[in-house]
>>> print(open('structure-v9.pdb').read())   # PDB, C-alpha atoms and all ligand atoms
ATOM      1  CA  MET O   1      -7.054   9.658  10.699
ATOM      2  CA  ASP O   2     -10.221   9.606   8.615
ATOM      3  CA  THR O   3     -10.240   8.448   5.023
ATOM      4  CA  VAL O   4     -12.780   9.552   2.418
ATOM      5  CA  THR O   5     -13.126   8.903  -1.288
ATOM      6  CA  THR O   6     -15.868  11.331  -2.363
ATOM      7  CA  ILE O   7     -16.275  15.082  -2.524
ATOM      8  CA  THR O   8     -19.567  14.819  -0.604
ATOM      9  CA  ALA O   9     -17.765  13.010   2.220
ATOM     10  CA  ILE O  10     -14.933  15.528   2.390
ATOM     11  CA  GLU O  11     -17.452  18.395   2.502
ATOM     12  CA  ARG O  12     -19.277  16.603   5.340
ATOM     13  CA  TRP O  13     -15.966  16.143   7.192
ATOM     14  CA  LEU O  14     -15.108  19.826   6.820
ATOM     15  CA  THR O  15     -18.560  20.827   8.107
ATOM     16  CA  GLU O  16     -18.404  18.383  11.018
ATOM     17  CA  LYS O  17     -15.064  19.744  12.107
ATOM     18  CA  SER O  18     -16.697  23.185  11.874
ATOM     19  CA  VAL O  19     -13.475  24.452  10.454
ATOM     20  CA  SER O  20     -14.414  28.124  10.472
ATOM     21  CA  GLY O  21     -11.529  29.891  12.151
ATOM     22  CA  LYS O  22      -9.402  26.743  11.989
ATOM     23  CA  LYS O  23      -6.458  26.573   9.619
ATOM     24  CA  ILE O  24      -6.301  23.769   7.094
ATOM     25  CA  GLY O  25      -3.039  22.595   5.556
ATOM     26  CA  PHE O  26      -3.107  20.467   2.422
ATOM     27  CA  VAL O  27      -0.569  18.071   0.879
ATOM     28  CA  PRO O  28      -1.450  16.710  -2.563
ATOM     29  CA  THR O  29       0.411  13.527  -3.525
ATOM     30  CA  MET O  30       0.286  10.550  -5.856
ATOM     31  CA  GLY O  31       0.979   8.069  -3.053
ATOM     32  CA  ALA O  32       3.795   5.528  -2.620
ATOM     33  CA  LEU O  33       4.740   7.824   0.214
ATOM     34  CA  HIS O  34       8.239   8.288   1.607
ATOM     35  CA  GLN O  35       9.942  10.657   4.041
ATOM     36  CA  GLY O  36       9.872  13.458   1.436
ATOM     37  CA  HIS O  37       6.071  13.394   1.498
ATOM     38  CA  ILE O  38       6.046  12.972   5.261
ATOM     39  CA  SER O  39       8.172  16.121   5.666
ATOM     40  CA  LEU O  40       5.337  18.039   3.952
ATOM     41  CA  ILE O  41       2.747  16.427   6.253
ATOM     42  CA  SER O  42       4.860  17.342   9.299
ATOM     43  CA  ALA O  43       5.292  20.941   8.132
ATOM     44  CA  SER O  44       1.543  21.216   7.627
ATOM     45  CA  ALA O  45       0.741  19.567  10.953
ATOM     46  CA  SER O  46       2.919  22.031  12.822
ATOM     47  CA  ASP O  47       1.535  25.112  10.994
ATOM     48  CA  ASN O  48      -2.191  24.259  10.923
ATOM     49  CA  ASP O  49      -5.120  22.938  12.990
ATOM     50  CA  TYR O  50      -5.922  20.201  10.472
ATOM     51  CA  THR O  51      -3.844  18.491   7.808
ATOM     52  CA  ILE O  52      -5.443  16.924   4.760
ATOM     53  CA  CYS O  53      -3.504  14.744   2.317
ATOM     54  CA  SER O  54      -4.740  13.548  -1.056
ATOM     55  CA  ILE O  55      -3.563  10.490  -2.927
ATOM     56  CA  PHE O  56      -4.537  10.460  -6.572
ATOM     57  CA  VAL O  57      -2.437   9.114  -9.428
ATOM     58  CA  ASN O  58      -3.498  11.742 -11.925
ATOM     59  CA  PRO O  59      -3.581  10.180 -15.400
ATOM     60  CA  ILE O  60      -3.748  13.497 -17.258
ATOM     61  CA  GLN O  61      -0.316  14.572 -16.013
ATOM     62  CA  PHE O  62       1.438  11.487 -17.410
ATOM     63  CA  ASN O  63       2.784  11.979 -20.902
ATOM     64  CA  ASN O  64       4.091   8.412 -20.903
ATOM     65  CA  ALA O  65       1.556   5.562 -20.666
ATOM     66  CA  LYS O  66       4.117   3.098 -19.316
ATOM     67  CA  ASP O  67       5.148   5.479 -16.532
ATOM     68  CA  LEU O  68       1.484   5.729 -15.486
ATOM     69  CA  GLU O  69       0.984   1.979 -15.647
ATOM     70  CA  LYS O  70       4.129   1.295 -13.604
ATOM     71  CA  TYR O  71       3.593   4.068 -11.086
ATOM     72  CA  PRO O  72       3.788   2.381  -7.652
ATOM     73  CA  ARG O  73       0.553   2.061  -5.693
ATOM     74  CA  MET O  74       0.600   1.005  -2.038
ATOM     75  CA  PRO O  75      -2.445   2.463  -0.256
ATOM     76  CA  ASP O  76      -2.200   0.354   2.919
ATOM     77  CA  GLU O  77       1.383   1.377   3.672
ATOM     78  CA  ASP O  78       0.519   4.994   2.768
ATOM     79  CA  MET O  79      -2.398   5.074   5.218
ATOM     80  CA  GLU O  80      -0.235   3.704   7.997
ATOM     81  CA  LEU O  81       2.485   6.314   7.396
ATOM     82  CA  LEU O  82       0.017   9.185   7.203
ATOM     83  CA  SER O  83      -1.905   8.309  10.336
ATOM     84  CA  ALA O  84       1.366   7.933  12.263
ATOM     85  CA  ASN O  85       2.587  11.346  11.141
ATOM     86  CA  GLY O  86      -0.134  13.833  11.939
ATOM     87  CA  CYS O  87      -2.473  13.597   8.963
ATOM     88  CA  ASP O  88      -6.119  14.151   9.977
ATOM     89  CA  LEU O  89      -7.872  13.333   6.728
ATOM     90  CA  LEU O  90      -6.880  11.337   3.671
ATOM     91  CA  PHE O  91      -8.758  12.028   0.450
ATOM     92  CA  MET O  92      -8.440   9.155  -2.032
ATOM     93  CA  PRO O  93     -10.779   9.855  -4.929
ATOM     94  CA  ASP O  94     -11.078   7.667  -8.003
ATOM     95  CA  ILE O  95     -10.919   9.016 -11.515
ATOM     96  CA  ASN O  96     -14.685   9.460 -11.919
ATOM     97  CA  GLU O  97     -14.840  11.511  -8.747
ATOM     98  CA  MET O  98     -12.071  13.811  -9.965
ATOM     99  CA  TYR O  99     -13.125  14.000 -13.594
ATOM    100  CA  PRO O 100     -16.869  13.307 -13.944
ATOM    101  CA  GLU O 101     -16.645  15.089 -17.287
ATOM    102  CA  PRO O 102     -13.781  15.298 -19.783
ATOM    103  CA  VAL O 103     -11.459  18.200 -19.020
ATOM    104  CA  ASP O 104     -10.278  20.455 -21.789
ATOM    105  CA  LYS O 105      -8.855  23.419 -19.916
ATOM    106  CA  GLU O 106      -5.620  24.842 -21.321
ATOM    107  CA  TYR O 107      -3.495  26.899 -18.951
ATOM    108  CA  GLU O 108      -1.004  29.405 -20.316
ATOM    109  CA  PHE O 109       2.131  29.654 -18.200
ATOM    110  CA  GLY O 110       4.303  31.486 -20.732
ATOM    111  CA  ASP O 111       8.005  30.622 -20.798
ATOM    112  CA  LEU O 112       7.804  29.046 -17.322
ATOM    113  CA  GLY O 113       5.731  26.239 -18.814
ATOM    114  CA  LYS O 114       7.937  25.821 -21.884
ATOM    115  CA  VAL O 115      11.390  25.109 -20.462
ATOM    116  CA  MET O 116      12.811  21.907 -18.923
ATOM    117  CA  GLU O 117       9.918  19.674 -17.754
ATOM    118  CA  GLY O 118       7.572  21.747 -19.908
ATOM    119  CA  ALA O 119       9.677  21.085 -22.999
ATOM    120  CA  HIS O 120      10.213  17.371 -22.346
ATOM    121  CA  ARG O 121       6.826  16.360 -20.910
ATOM    122  CA  PRO O 122       4.177  17.888 -23.183
ATOM    123  CA  GLY O 123       0.874  18.427 -21.353
ATOM    124  CA  HIS O 124       2.376  17.489 -17.981
ATOM    125  CA  PHE O 125       2.028  20.854 -16.269
ATOM    126  CA  ASN O 126      -1.422  21.429 -17.709
ATOM    127  CA  GLY O 127      -2.481  18.129 -16.121
ATOM    128  CA  VAL O 128      -0.821  19.055 -12.822
ATOM    129  CA  ALA O 129      -2.466  22.495 -12.791
ATOM    130  CA  ILE O 130      -5.897  21.039 -13.568
ATOM    131  CA  VAL O 131      -5.759  18.469 -10.788
ATOM    132  CA  VAL O 132      -4.285  20.805  -8.162
ATOM    133  CA  ASN O 133      -6.820  23.507  -9.020
ATOM    134  CA  ARG O 134      -9.602  20.967  -8.657
ATOM    135  CA  LEU O 135      -8.194  19.728  -5.334
ATOM    136  CA  PHE O 136      -7.859  23.322  -4.089
ATOM    137  CA  GLU O 137     -11.528  23.929  -4.985
ATOM    138  CA  ILE O 138     -12.583  20.803  -3.072
ATOM    139  CA  VAL O 139     -10.348  21.114   0.013
ATOM    140  CA  LYS O 140     -10.216  24.934   0.215
ATOM    141  CA  PRO O 141      -7.051  24.903   2.343
ATOM    142  CA  HIS O 142      -5.385  27.943   3.893
ATOM    143  CA  ARG O 143      -1.943  26.581   3.094
ATOM    144  CA  ALA O 144      -0.664  23.980   0.637
ATOM    145  CA  TYR O 145       2.725  22.257   0.816
ATOM    146  CA  PHE O 146       4.889  21.246  -2.124
ATOM    147  CA  GLY O 147       8.428  19.871  -2.360
ATOM    148  CA  LEU O 148      11.298  21.832  -3.880
ATOM    149  CA  LYS O 149      12.202  18.480  -5.449
ATOM    150  CA  ASP O 150       9.712  19.404  -8.203
ATOM    151  CA  TYR O 151      11.044  22.933  -8.390
ATOM    152  CA  GLN O 152       9.401  23.952 -11.663
ATOM    153  CA  GLN O 153       6.097  22.426 -10.541
ATOM    154  CA  LEU O 154       6.162  24.603  -7.414
ATOM    155  CA  LEU O 155       6.518  27.754  -9.558
ATOM    156  CA  ILE O 156       3.758  26.513 -11.884
ATOM    157  CA  ILE O 157       1.411  25.895  -8.923
ATOM    158  CA  ARG O 158       2.090  29.413  -7.622
ATOM    159  CA  GLU O 159       1.257  30.792 -11.068
ATOM    160  CA  MET O 160      -1.888  28.648 -11.378
ATOM    161  CA  ALA O 161      -3.046  29.747  -7.889
ATOM    162  CA  ALA O 162      -2.529  33.401  -8.874
ATOM    163  CA  GLN O 163      -4.388  32.945 -12.176
ATOM    164  CA  GLU O 164      -7.298  31.169 -10.456
ATOM    165  CA  GLY O 165      -7.425  33.697  -7.599
ATOM    166  CA  HIS O 166      -6.923  31.072  -4.867
ATOM    167  CA  ASN O 167      -6.258  32.688  -1.519
ATOM    168  CA  ILE O 168      -3.898  29.886  -0.495
ATOM    169  CA  GLU O 169      -0.375  30.225   0.826
ATOM    170  CA  ILE O 170       1.838  27.968  -1.279
ATOM    171  CA  ILE O 171       4.740  26.687   0.783
ATOM    172  CA  GLY O 172       7.881  25.122  -0.722
ATOM    173  CA  CYS O 173       9.639  22.536   1.482
ATOM    174  CA  PRO O 174      13.282  21.349   1.237
ATOM    175  CA  ILE O 175      14.256  18.246  -0.718
ATOM    176  CA  VAL O 176      14.538  15.163   1.508
ATOM    177  CA  ARG O 177      17.402  12.885   0.465
ATOM    178  CA  GLU O 178      18.588   9.387   1.233
ATOM    179  CA  SER O 179      21.799   9.269   3.309
ATOM    180  CA  ASP O 180      23.824   8.885   0.095
ATOM    181  CA  GLY O 181      22.285  12.038  -1.395
ATOM    182  CA  LEU O 182      19.720  10.537  -3.764
ATOM    183  CA  ALA O 183      16.549  12.654  -3.671
ATOM    184  CA  MET O 184      13.696  10.541  -2.346
ATOM    185  CA  SER O 185      11.187   9.677  -5.050
ATOM    186  CA  SER O 186       8.399   7.143  -5.442
ATOM    187  CA  ARG O 187      10.150   6.081  -8.659
ATOM    188  CA  ASN O 188      13.364   5.084  -6.807
ATOM    189  CA  MET O 189      11.820   1.755  -5.830
ATOM    190  CA  ARG O 190      11.772   0.803  -9.506
ATOM    191  CA  LEU O 191      15.574   1.106  -9.806
ATOM    192  CA  THR O 192      17.602  -2.099 -10.084
ATOM    193  CA  VAL O 193      20.332  -2.697  -7.491
ATOM    194  CA  GLU O 194      22.925  -1.490 -10.005
ATOM    195  CA  GLN O 195      20.927   1.620 -10.941
ATOM    196  CA  ARG O 196      20.307   2.428  -7.277
ATOM    197  CA  LYS O 197      24.054   2.126  -6.636
ATOM    198  CA  ASN O 198      24.784   4.664  -9.367
ATOM    199  CA  ALA O 199      21.883   7.047  -8.693
ATOM    200  CA  PRO O 200      23.647   9.126  -5.968
ATOM    201  CA  GLN O 201      25.931  10.393  -8.760
ATOM    202  CA  ILE O 202      23.099  12.749  -9.699
ATOM    203  CA  TYR O 203      23.362  14.649  -6.431
ATOM    204  CA  LYS O 204      27.185  14.459  -6.468
ATOM    205  CA  SER O 205      27.136  16.255  -9.835
ATOM    206  CA  LEU O 206      24.731  18.905  -8.549
ATOM    207  CA  GLU O 207      26.821  19.410  -5.417
ATOM    208  CA  TYR O 208      29.876  19.809  -7.625
ATOM    209  CA  ALA O 209      28.066  22.598  -9.483
ATOM    210  CA  ALA O 210      27.044  24.353  -6.255
ATOM    211  CA  GLU O 211      30.544  24.080  -4.784
ATOM    212  CA  ASN O 212      32.447  25.168  -7.887
ATOM    213  CA  TYR O 213      30.477  27.972  -9.466
ATOM    214  CA  GLN O 214      32.919  30.567  -8.206
ATOM    215  CA  GLY O 215      35.918  30.572 -10.496
ATOM    216  CA  HIS O 216      34.119  28.882 -13.403
ATOM    217  CA  SER O 217      31.982  30.267 -16.193
ATOM    218  CA  VAL O 218      28.427  28.924 -16.536
ATOM    219  CA  ILE O 219      29.399  27.329 -19.846
ATOM    220  CA  SER O 220      32.480  25.492 -18.558
ATOM    221  CA  LEU O 221      30.808  24.357 -15.322
ATOM    222  CA  LYS O 222      27.776  23.111 -17.249
ATOM    223  CA  LYS O 223      30.094  21.143 -19.522
ATOM    224  CA  SER O 224      31.863  19.523 -16.543
ATOM    225  CA  VAL O 225      28.557  18.609 -14.866
ATOM    226  CA  GLU O 226      27.254  17.235 -18.173
ATOM    227  CA  GLU O 227      30.358  15.055 -18.407
ATOM    228  CA  MET O 228      29.905  13.798 -14.848
ATOM    229  CA  LEU O 229      26.272  12.919 -15.482
ATOM    230  CA  GLY O 230      27.112  11.471 -18.904
ATOM    231  CA  SER O 231      29.571   9.041 -17.340
ATOM    232  CA  ILE O 232      26.950   7.315 -15.124
ATOM    233  CA  PRO O 233      26.593   3.833 -16.661
ATOM    234  CA  GLY O 234      23.235   2.873 -18.204
ATOM    235  CA  THR O 235      21.793   6.368 -18.148
ATOM    236  CA  SER O 236      20.716   8.916 -20.675
ATOM    237  CA  LEU O 237      20.767  12.586 -19.749
ATOM    238  CA  GLU O 238      17.631  14.421 -20.846
ATOM    239  CA  TYR O 239      18.624  17.895 -19.731
ATOM    240  CA  ILE O 240      20.805  19.803 -17.346
ATOM    241  CA  GLU O 241      20.010  23.493 -17.030
ATOM    242  CA  PHE O 242      21.533  26.367 -15.145
ATOM    243  CA  ALA O 243      18.551  28.676 -14.700
ATOM    244  CA  ASP O 244      17.298  31.820 -13.025
ATOM    245  CA  ALA O 245      15.667  30.503  -9.833
ATOM    246  CA  GLU O 246      12.676  32.861 -10.205
ATOM    247  CA  THR O 247      11.906  32.626 -13.923
ATOM    248  CA  LEU O 248      13.690  29.364 -14.827
ATOM    249  CA  MET O 249      15.118  31.015 -17.913
ATOM    250  CA  PRO O 250      18.526  29.489 -18.791
ATOM    251  CA  ILE O 251      21.477  31.675 -17.877
ATOM    252  CA  THR O 252      24.755  31.964 -19.730
ATOM    253  CA  THR O 253      26.637  34.158 -17.232
ATOM    254  CA  TRP O 254      26.287  34.304 -13.450
ATOM    255  CA  SER O 255      25.191  37.931 -13.600
ATOM    256  CA  ASP O 256      22.111  36.909 -15.631
ATOM    257  CA  ALA O 257      20.258  35.971 -12.429
ATOM    258  CA  SER O 258      20.278  37.009  -8.786
ATOM    259  CA  HIS O 259      19.627  33.378  -7.836
ATOM    260  CA  CYS O 260      20.549  30.293  -9.820
ATOM    261  CA  VAL O 261      19.155  26.772  -9.676
ATOM    262  CA  VAL O 262      20.612  23.780 -11.517
ATOM    263  CA  CYS O 263      17.953  21.301 -12.632
ATOM    264  CA  VAL O 264      18.474  17.857 -14.103
ATOM    265  CA  ALA O 265      16.379  15.082 -15.649
ATOM    266  CA  ILE O 266      18.076  11.780 -16.366
ATOM    267  CA  TYR O 267      16.898   8.337 -17.413
ATOM    268  CA  PHE O 268      18.137   5.241 -15.607
ATOM    269  CA  GLY O 269      16.931   2.723 -18.161
ATOM    270  CA  GLU O 270      13.277   3.679 -18.545
ATOM    271  CA  ILE O 271      13.044   5.344 -15.126
ATOM    272  CA  ARG O 272      13.189   9.093 -15.275
ATOM    273  CA  LEU O 273      14.599  10.901 -12.250
ATOM    274  CA  ILE O 274      14.730  14.640 -11.599
ATOM    275  CA  ASP O 275      16.680  16.651  -9.071
ATOM    276  CA  ASN O 276      17.918  20.188  -8.535
ATOM    277  CA  ILE O 277      20.130  22.329  -6.344
ATOM    278  CA  ARG O 278      20.243  26.015  -5.544
ATOM    279  CA  VAL O 279      23.684  27.273  -6.527
ATOM    280  CA  TYR O 280      23.404  30.809  -5.079
TER     281      TYR O 280
HETATM  282  P1  LIG O 301       4.315  13.155  -5.836
HETATM  283  O1  LIG O 301       3.585  12.156  -4.997
HETATM  284  O2  LIG O 301       5.568  12.648  -6.431
HETATM  285  O3  LIG O 301       3.407  13.858  -6.799
HETATM  286  O4  LIG O 301       4.800  14.269  -4.815
HETATM  287  C1  LIG O 301       3.922  14.937  -3.949
HETATM  288  C2  LIG O 301       4.643  16.074  -3.293
HETATM  289  O5  LIG O 301       5.761  15.579  -2.574
HETATM  290  C3  LIG O 301       5.185  17.096  -4.293
HETATM  291  O6  LIG O 301       4.991  18.396  -3.772
HETATM  292  C4  LIG O 301       6.647  16.743  -4.359
HETATM  293  O7  LIG O 301       7.463  17.828  -4.715
HETATM  294  C5  LIG O 301       6.902  16.323  -2.934
HETATM  295  N1  LIG O 301       8.106  15.495  -2.855
HETATM  296  C6  LIG O 301       8.376  14.372  -3.573
HETATM  297  N2  LIG O 301       9.611  13.916  -3.275
HETATM  298  C7  LIG O 301      10.134  14.767  -2.358
HETATM  299  C8  LIG O 301      11.382  14.855  -1.666
HETATM  300  N3  LIG O 301      12.352  13.972  -1.856
HETATM  301  N4  LIG O 301      11.552  15.881  -0.787
HETATM  302  C9  LIG O 301      10.589  16.798  -0.600
HETATM  303  N5  LIG O 301       9.396  16.781  -1.220
HETATM  304  C10 LIG O 301       9.172  15.792  -2.084
END
>>> encode(input="structure-v9.pdb", output="structure tokens")
Amino acid sequence: MDTVTTITAIERWLTEKSVSGKKIGFVPTMGALHQGHISLISASASDNDYTICSIFVNPIQFNNAKDLEKYPRMPDEDMELLSANGCDLLFMPDINEMYPEPVDKEYEFGDLGKVMEGAHRPGHFNGVAIVVNRLFEIVKPHRAYFGLKDYQQLLIIREMAAQEGHNIEIIGCPIVRESDGLAMSSRNMRLTVEQRKNAPQIYKSLEYAAENYQGHSVISLKKSVEEMLGSIPGTSLEYIEFADAETLMPITTWSDASHCVVCVAIYFGEIRLIDNIRVY
């Protein structure tokens, strides 16, 4: 695996590999890699001739300064994992490389950008869209891989790519979980032993929703799931939404949507975890 930190170097790499005719798969990440990220690398490696991964902790997508400061950084371990799992090029730019000038672009994603993460993390999706657009312009991949773990982000990226006219296939990959059901996340390593012990309750609640939607109204099932999540010690539930899987608009009856996803954001102390499940 090659590693570069500048746009000039990545352009040189792409030219050297004379990629014309070759397919490039791209996996943007913020590092502190785990098997969830690696599943995206593997999917890209099997679909494409070359796989490029980026690691950049993007400050403009953090609406919480402490979250940015505490975000785990472990480049040596990341490099080892990537090179062992089929990544051909790692792009690790610094902030000046990514943002030589201040960015003031404002995307408009309509209601998709206003619900759930959009409502609770002001500016987050704008920051995500700016950085991914910039990375797409630099890497010019044929395909880009994103986790369904960040379900709303995946829909936002698709919308951004359409607005920007990127001819890139955006591929959503399944959520990779620990054996006890907890969705893998770089933030999990910040959980205390006690918090980690309780964290699988998130997925248990989501599974309960997926297994019990028949025979319950949206309202009563949402209430039960809220109660389950509310009973996890030391946590504070930010939102739980039953939403149309295509538009993410909240539903109040099952017939409101042909597909439904249940999305949750919950604080364990100051650590914010998100997860979701497709109900039907
Ligand atoms: P991040 O480094 O957290 O920005 O994540 C980079 C990419 O990895 C995003 O597309 C995430 O959705 C994806 N990802 C993170 N965790 C998981 C997981 N547990 N399973 C699948 N994909 C994931």
>>> residues_near_ligand(input="structure-v9.pdb", ligand="ligand LIG 301 (chain O)", cutoff="10 Å", atoms="all atoms listed in the file", output="ChimeraX atom specification")
/O:27-41,53-58,61,71,128,144-154,157,171-178,182-187,274-275
>>> residues_around(input="structure-v9.pdb", residues="Arg134 in chain O", least_positions_apart="2", cutoff="12 Å", atoms="all atoms listed in the file", output="PyMOL selection string")
chain O and resi 7+28+54+56+58+93+97-100+103+105+127-132+136-141+160-161+164+166
>>> atom_distance(input="structure-v9.pdb", atom1="CA of Phe91 in chain O", atom2="CA of Pro122 in chain O")
27.6 Å
>>> closest_residue(input="structure-v9.pdb", among="O:Thr247, O:Asn85, O:Asn167, O:Ser258", to="Ser42 in chain O", atoms="only C-alpha atoms")
O:Asn85
>>> closest_residue(input="structure-v9.pdb", among="O:Ala265, O:Thr3, O:Val218, O:Ala210", to="Ser236 in chain O", atoms="all atoms listed in the file")
O:Ala265
